[in-house]
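J.: Have a look at the structure that comes next, please.
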Amino acid sequence: MTIKVLAIDDSRTIRSLVQKVMEEAGFECALADDGVQGVARFVENPPDVVITDINMPNMDGYGVIAAIRGGSVHRNVPILVLTTESAPHLKARARDAGATGWIVKPFDDVAIVSVVRRVTGARA
Amino acid sequence: MSAQISIRDMFFEESEELLEALAEGLALMSSGSHNDETVNAVFRAVHSIKGGAGAFKLAALVGFAHRFETVLDELRSHRLDLEPEVMHTLQRSADHLTDLVEDARNGDDTDTGQTAEFLAALDACLGSPPSAEAADDDAGFAFAAISMDLLDLDGPTDSDVGAPEQNFTILFRPHSALFTNGHDPALLIAALADLGTVTTELDLSRLRDVSSFDPTEPKLGWMIRLSTLAERAAIDEVFEFVEGLCDLHIAVSNSVEEPSLQPEISIDPELEIRPVTVFAESGTEGIALEKTEIRSNVRQQIAAREDGPGESGNTEARGPKPTLRVDLDRVDRLINAVGELIINQSMIAQRVQELRLATDADVVTHVEDYRLLARDIQEAVMAIRAQPVKPLFQRMSRIVREAADSTGKNARLVTHGEGAEVDKTVVERLADPLTHMIRNAVDHGLESIEARIAAGKDPCGTIHLSAAHRSGAVIITIRDDGAGLNRRKILEIARNKNLISPEAEPSDSEIDALLFLPGFSTASTVSNLSGRGVGLDVVRNAVTTLGGRVTIASTPGHGTEFTISLPLTLAVLDGMVVSVAGQIMVIPITSILETIRPGDGDLHIIGTSDRLLLIRGKFIPVVDVAQGLGFVRPPLLPAPDTLLLVETENQGQCALMVDRVFDQRQVVIKALDTNYGAVPGVSAATVLGDGQIALILDPEAIANNRVQQTAEHWSSAKLNEGKSLAVA
């Protein structure tokens with residue numbers, strides 16, 4: 001079974017980068033421009049892992065986590081937070097909000113794939 | 001899509017949009033009409049540029065964006081007030097960020113000294129130098145791919161590199177948050193197994209008290225023994241995300257003695273099964289109940305978003321219009337093909353016309369339909385290349401700021417009609433002339449603060465920049481509310497520089513037009529802005545090259561207004577079809593003011609062959625186009641029955657003499673440059689309906705050439721005609 005990734009980011013550049021890396025790793029990758037669209041995509045086609053930005057218009061990454069964790073059969077899907085902040089308190093905040101893990105931008109291809117594999121249990 | 005834009009290019013494109021959004025947001029903040037979302041959007045713009053820049057290792061950009069973002073973060077969390085100095089720093093920083101993006105795009109080195117200056121200004125906003133923590137943050141951001149926080153744990157930490165196989169004992173007991181955060185203990189254990197040999201022992205010790213059993217509270221724990229060549233850090237990485245979500249103890253256990261798990265591990269076999277059953281039941285119930293919840297949640301949120309824009313009134317918050325990115329080459333190919341289609345259409349139309357069929361004949365109506373359809377297609381295709389002037393206008397507010405700063409004046413830019421769309425190339429090539437004119441408006445147009453106060457004006461000068469569509473052209477005006485042109489001084493300078501004969505008494509508008517002559521500059525002191533060797537003549541040339549023209553109007557005490565008129569597209573042109581020396585040629589309609597049938601006595605002959613046209617009490621030189629193009633002619637032809645009155649930039653009005661005027665037509669421009677280079681007097685060519693090739697004339701060049709010859713002729717004959725403005 002191909003791993004399905006949902007990448008949510010308001011930056012077209014980052015979205016495309018994530019998509020490229022995920023597809024090169026053999027994963028399927030759906031995209032969304034902001035939190036609201038991201039949650040909508042999540043419901044339409046539940047992914048195996050969500051990668052979301054924090055700072056986004058309409059609904060931020062914490063909103064996405066809250067919406068997903070807030071109640072469905074898929075509420076325990078791993079959610080990775082994409083963040084430029086490496087400050088420890090921001091990671092703690094993401095974790096307290098219910099994030100499974102985080103990826104600090106700028107990410108390198110190998111590292112982000114390995115994190116996705118780690119939380120989904122996908123084998124290389 | 002075969003022509004995929006590289007992600008790097010995409011980053012720069014996106015950055016441009018973000019910089020626009022940034023400028024827009026800062027403008028709102030500057031005018032005081034902002035809300036929290038405006039500040040957030042500004043923050044996000046800088047943040048996104050930083051994020052993208054990081055991906056391409058653009059360290060200078062990342063570093064600067066980071067510090068910029070820090071200040072914006074303080075603002076949006078209301079820890080910093082938007083004082084005028086802060087606002088000023090933000091705008092200058094946005095300008096600098098624009099430069100850094102541009103440098104990164106071109107692969108240029110960045111002026112680090114300048115960056116340092118801006119960084120210092122940003123730090124000054126924060127009121128204290130960046131803390132050590134912030135500095136660490138910078139470093140962490142720029143270089144860490146994935147951060148690996150080392151857990152502060154009890155027990156010895158083995159830091160030996162490339163150590164031989166070690167045995168670790170890991171006690172791992174998940175909390176419920178570990179599960180709700182989407183972790184799976186099995187995956188963690190599997191990840192450990194990737195590092196070496198793992199044996200696990202299930203700890204059921206907490207399952208004993210069945211009477212108070214809470215199914216949502218995890219009871220299981222594992223004692224994991226790992227034999228690995230990996231370092232301690234690799235193990236920490238496995239548990240990186242679950243720190244705080246479980247009890248975790250990691251110990252090196254190379255000794256024979258192993259830490260004991262829990263004091264007692266004796267479990268009733270019954271208890272091992274029962275909780276599992278309970279878990280399953282509660283689980284399924286939960287699922288059934290909550291299944292529909294998220295859907296309705298999302299619907300509400302989507303509905304909220306649809307309502308959203310109305311409330312916030314902020315365009316940025318609205319979803320972007322769906323767009324398609326296409327290679328520009330493809331669009332140009334399409335435009336070219338449509339050009340051929342238009343030519344083909346007019347050829348067919350002409351053939352049909354020659355058949356002299358009844359106007360209600362089928363083929364006539366079909367051809368008419370074809371014409372309309374072709375025109376529709378043409379307009380739609382042209383619209384693809386059309387771009388709003390907004391980004392260009394936004395850049396100008398920076399120019400106003402910089403010019404005001406360096407001249408010690410106070411100025412603001414007010415823009416109107418930024419939505420007007422013009423061909424992409426026109427927008428691009430307009431940037432330089434517009435920049436120059438805006439700079440001029442601040443430098444020469446506006447008075448000093450003291451002078452303004454003395455004149456009872458607002459100390460802060462205003463530059464109005466507007467765009468509007470008017471009959472197939474876009475009109476751009478730059479208006480300042482300064483002192484207006486000093487005509488006496490202009491005349492004096494023009495005379496000193498021999499740009500005009502000492503006896504000439506030009507009218508006000510003619511004096512104003514002197515500003516466009518090459519080598520003219522009125523600045524009495526060479527300021528930072530003027531004295532760059534660029535005059536308004538360069539502006540005019542740039543505009544003329546685009547098929548447009550620029551005019552000037554000034555009211556003493558109230559300011560000066562420059563008007564640039566530009567064609568909407570560079571691909572088609574409305575032209576007058578004429579014949580010159582037996583050749584069919586096209587003269588652009590934009591340069592023709594009127595067609596004149598001179599009456600008896602309107603034409604006056606000067607010298608042996610030069611004619612002047614008397615019109616409304618003014619003498620205007622008559623230019624024989626054939627002669628201007630180098631066709632040999634008898635010295636005096638019979639008086640022409642039609643003249644085309646054209647406005648030229650250098651010569652004022654001229655009357656063009658042609659053999660015959662046919663009709664007015666839209667023609668598709670075919671550049672000659674690629675095949676023939678630049679031909680004086682000819683700007684391009686076109687293919688007419690009958691398949692004939694016609695040259696498109698450049699009246700400016702023809703008139704220039706002609707008047708220059710005439711002027712030489714006159715000056716050698718020591719004839720002083722007050723009308724003529726000799727060209728330097």
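Just remember, in the structure tokens the first chain shown is A, the second B, etc., residues are 1-based per chain, and ligands are 1-based in the order shown.
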Show me, as an MDAnalysis selection string, every residue of chain A with an atom at most 6 Å from chain B, counting only C-alpha atoms.
T.: chainID A and resid 13 71:73 76:78 98:101 104 106:108 121
J.: I need the residues from that last selection saved to file as a PDB file, in the first residue's frame (with C-alpha atoms), if you can.
T.:
ATOM      1  CA  THR A  13       7.421  26.720  -3.024  1.00  0.00           C
ATOM      2  CA  GLY A  71     -12.831  13.648  16.530  1.00  0.00           C
ATOM      3  CA  SER A  72     -13.034  11.136  13.749  1.00  0.00           C
ATOM      4  CA  VAL A  73     -11.989   7.605  13.139  1.00  0.00           C
ATOM      5  CA  ASN A  76      -4.827   9.416  15.423  1.00  0.00           C
ATOM      6  CA  VAL A  77      -3.224   9.888  12.034  1.00  0.00           C
ATOM      7  CA  PRO A  78       0.336  11.129  12.517  1.00  0.00           C
ATOM      8  CA  GLY A  98      -1.286  17.080  19.446  1.00  0.00           C
ATOM      9  CA  ALA A  99       1.386  17.042  16.754  1.00  0.00           C
ATOM     10  CA  THR A 100       3.140  13.744  16.280  1.00  0.00           C
ATOM     11  CA  GLY A 101       6.448  15.283  15.304  1.00  0.00           C
ATOM     12  CA  VAL A 104      12.396  22.027  10.880  1.00  0.00           C
ATOM     13  CA  PRO A 106      14.920  24.050   5.735  1.00  0.00           C
ATOM     14  CA  PHE A 107      14.535  20.302   5.613  1.00  0.00           C
ATOM     15  CA  ASP A 108      16.711  17.945   3.704  1.00  0.00           C
ATOM     16  CA  GLY A 121       6.026   2.633   9.837  1.00  0.00           C
TER      17      GLY A 121
END
J.: As an mmCIF file with C-alpha atoms, in the first residue's frame, which residues of chain A does DSSP assign to alpha helix (DSSP H)?
T.:
data_model
loop_
_atom_site.group_PDB
_atom_site.id
_atom_site.type_symbol
_atom_site.label_atom_id
_atom_site.label_comp_id
_atom_site.auth_asym_id
_atom_site.auth_seq_id
_atom_site.Cartn_x
_atom_site.Cartn_y
_atom_site.Cartn_z
ATOM 1 C CA ARG A 12 3.671 27.246 -3.128
ATOM 2 C CA THR A 13 7.421 26.720 -3.024
ATOM 3 C CA ILE A 14 7.394 24.629 0.118
ATOM 4 C CA ARG A 15 4.332 22.698 -1.033
ATOM 5 C CA SER A 16 6.026 21.796 -4.271
ATOM 6 C CA LEU A 17 9.240 20.854 -2.524
ATOM 7 C CA VAL A 18 7.422 18.545 -0.139
ATOM 8 C CA GLN A 19 5.434 17.030 -2.962
ATOM 9 C CA LYS A 20 8.548 16.435 -5.042
ATOM 10 C CA VAL A 21 10.412 14.786 -2.182
ATOM 11 C CA MET A 22 7.427 12.651 -1.187
ATOM 12 C CA GLU A 23 6.743 11.482 -4.722
ATOM 13 C CA GLU A 24 10.393 10.674 -5.258
ATOM 14 C CA GLY A 35 -5.719 24.930 7.110
ATOM 15 C CA VAL A 36 -9.339 24.994 6.026
ATOM 16 C CA GLN A 37 -8.596 23.414 2.684
ATOM 17 C CA GLY A 38 -6.273 20.973 4.415
ATOM 18 C CA VAL A 39 -8.943 19.707 6.781
ATOM 19 C CA ALA A 40 -11.384 19.438 3.887
ATOM 20 C CA ARG A 41 -8.891 17.315 1.940
ATOM 21 C CA PHE A 42 -8.263 15.256 5.051
ATOM 22 C CA VAL A 43 -11.941 14.370 5.297
ATOM 23 C CA GLU A 44 -12.361 13.707 1.589
ATOM 24 C CA GLY A 61 -1.417 24.522 11.784
ATOM 25 C CA TYR A 62 -2.652 24.344 15.372
ATOM 26 C CA GLY A 63 -6.179 24.649 14.000
ATOM 27 C CA VAL A 64 -5.521 21.766 11.636
ATOM 28 C CA ILE A 65 -4.246 19.588 14.474
ATOM 29 C CA ALA A 66 -7.219 20.497 16.647
ATOM 30 C CA ALA A 67 -9.688 19.744 13.840
ATOM 31 C CA ILE A 68 -8.157 16.361 13.097
ATOM 32 C CA ARG A 69 -7.578 15.312 16.687
ATOM 33 C CA PRO A 88 12.246 24.335 21.911
ATOM 34 C CA HIS A 89 9.131 26.061 23.236
ATOM 35 C CA LEU A 90 7.544 25.993 19.790
ATOM 36 C CA LYS A 91 8.104 22.270 19.480
ATOM 37 C CA ALA A 92 6.593 21.819 22.908
ATOM 38 C CA ARG A 93 3.618 23.887 21.823
ATOM 39 C CA ALA A 94 3.135 21.751 18.710
ATOM 40 C CA ARG A 95 3.380 18.596 20.786
ATOM 41 C CA ASP A 96 0.934 19.900 23.341
ATOM 42 C CA ALA A 97 -1.457 20.720 20.521
ATOM 43 C CA ASP A 109 15.145 15.334 1.489
ATOM 44 C CA VAL A 110 16.521 12.320 3.294
ATOM 45 C CA ALA A 111 15.581 13.595 6.719
ATOM 46 C CA ILE A 112 11.983 14.433 5.883
ATOM 47 C CA VAL A 113 11.443 11.059 4.220
ATOM 48 C CA SER A 114 12.942 9.279 7.180
ATOM 49 C CA VAL A 115 10.640 11.147 9.569
ATOM 50 C CA VAL A 116 7.622 10.217 7.476
ATOM 51 C CA ARG A 117 8.711 6.583 7.466
ATOM 52 C CA ARG A 118 9.301 6.696 11.194
ATOM 53 C CA VAL A 119 5.799 7.850 12.083
ATOM 54 C CA THR A 120 3.969 5.778 9.494
#
J.: In Å, with one decimal, what is the gap from atom CA of B:Ala411 to atom CA of B:Ile478?
T.: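 According to the coordinates, atom CA of B:Ala411 and atom CA of B:Ile478 are separated by 13.7 Å.
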J.: Quick one: of A:Ala122, A:Ile51, A:Ile103, A:Leu80, who's nearest to A:Ile8, counting only C-alpha atoms?
T.: A:Ile51
J.: Run DSSP on the backbone and grab whatever in stretch 6-123 of chain A lands in strand (DSSP E); send it over as a ChimeraX atom specification.
T.: /A:6-8,28-32,49-53,79-83,101-104
J.: So that I have them on file, write out the residues from the current selection with C-alpha atoms, as a JSON list (two decimals), in the first residue's frame.
T.:
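Output contents, as saved in selection-v7.json:
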[["chain", "number", "residue", "atom", "x", "y", "z"],
["A", 6, "LEU", "CA", -1.26, 15.33, 2.79],
["A", 7, "ALA", "CA", 0.93, 18.44, 2.72],
["A", 8, "ILE", "CA", -0.61, 21.70, 3.90],
["A", 28, "GLU", "CA", 1.36, 9.75, -2.90],
["A", 29, "CYS", "CA", 1.12, 13.40, -1.99],
["A", 30, "ALA", "CA", -1.99, 15.56, -1.90],
["A", 31, "LEU", "CA", -1.67, 19.31, -1.34],
["A", 32, "ALA", "CA", -3.66, 22.04, 0.35],
["A", 49, "VAL", "CA", 0.26, 11.17, 7.46],
["A", 50, "VAL", "CA", -0.27, 14.91, 7.46],
["A", 51, "ILE", "CA", 2.54, 17.43, 7.03],
["A", 52, "THR", "CA", 1.37, 20.91, 7.91],
["A", 53, "ASP", "CA", 2.81, 24.38, 8.16],
["A", 79, "ILE", "CA", 0.63, 14.88, 12.00],
["A", 80, "LEU", "CA", 4.03, 16.38, 11.32],
["A", 81, "VAL", "CA", 4.47, 20.08, 11.79],
["A", 82, "LEU", "CA", 6.61, 21.93, 9.32],
["A", 83, "THR", "CA", 8.20, 24.86, 11.03],
["A", 101, "GLY", "CA", 6.45, 15.28, 15.30],
["A", 102, "TRP", "CA", 8.07, 18.20, 13.59],
["A", 103, "ILE", "CA", 10.27, 18.96, 10.68],
["A", 104, "VAL", "CA", 12.40, 22.03, 10.88]]
J.: For B:Gln666, find every residue with an atom within 8 Å (counting only C-alpha atoms), except residues of its own chain fewer than 2 positions away, and show them as a ChimeraX atom specification.
T.: /B:572-575,664,668
J.: Hey, what's within 7 Å of B:Leu413 if we count only C-alpha atoms and toss same-chain stuff fewer than 3 positions away? As number ranges by chain, please?
T.: B: 397, 400, 462-464
J.: Take the residues from that selection and put them in a file with N, CA and C atoms, as a tab-separated table (two decimals), in the first residue's frame.
T.:
chain	number	residue	atom	x	y	z
B	397	SER	N	6.37	53.44	-4.44
B	397	SER	CA	6.30	54.07	-3.12
B	397	SER	C	7.67	53.99	-2.45
B	400	VAL	N	9.68	56.86	-3.85
B	400	VAL	CA	9.30	58.12	-3.21
B	400	VAL	C	9.98	58.21	-1.83
B	462	THR	N	2.67	65.49	-1.98
B	462	THR	CA	1.98	64.30	-2.48
B	462	THR	C	2.30	64.10	-3.95
B	463	ILE	N	2.64	62.86	-4.28
B	463	ILE	CA	2.83	62.49	-5.68
B	463	ILE	C	1.65	61.58	-6.02
B	464	HIS	N	0.88	61.98	-7.02
B	464	HIS	CA	-0.22	61.12	-7.46
B	464	HIS	C	0.25	60.33	-8.66
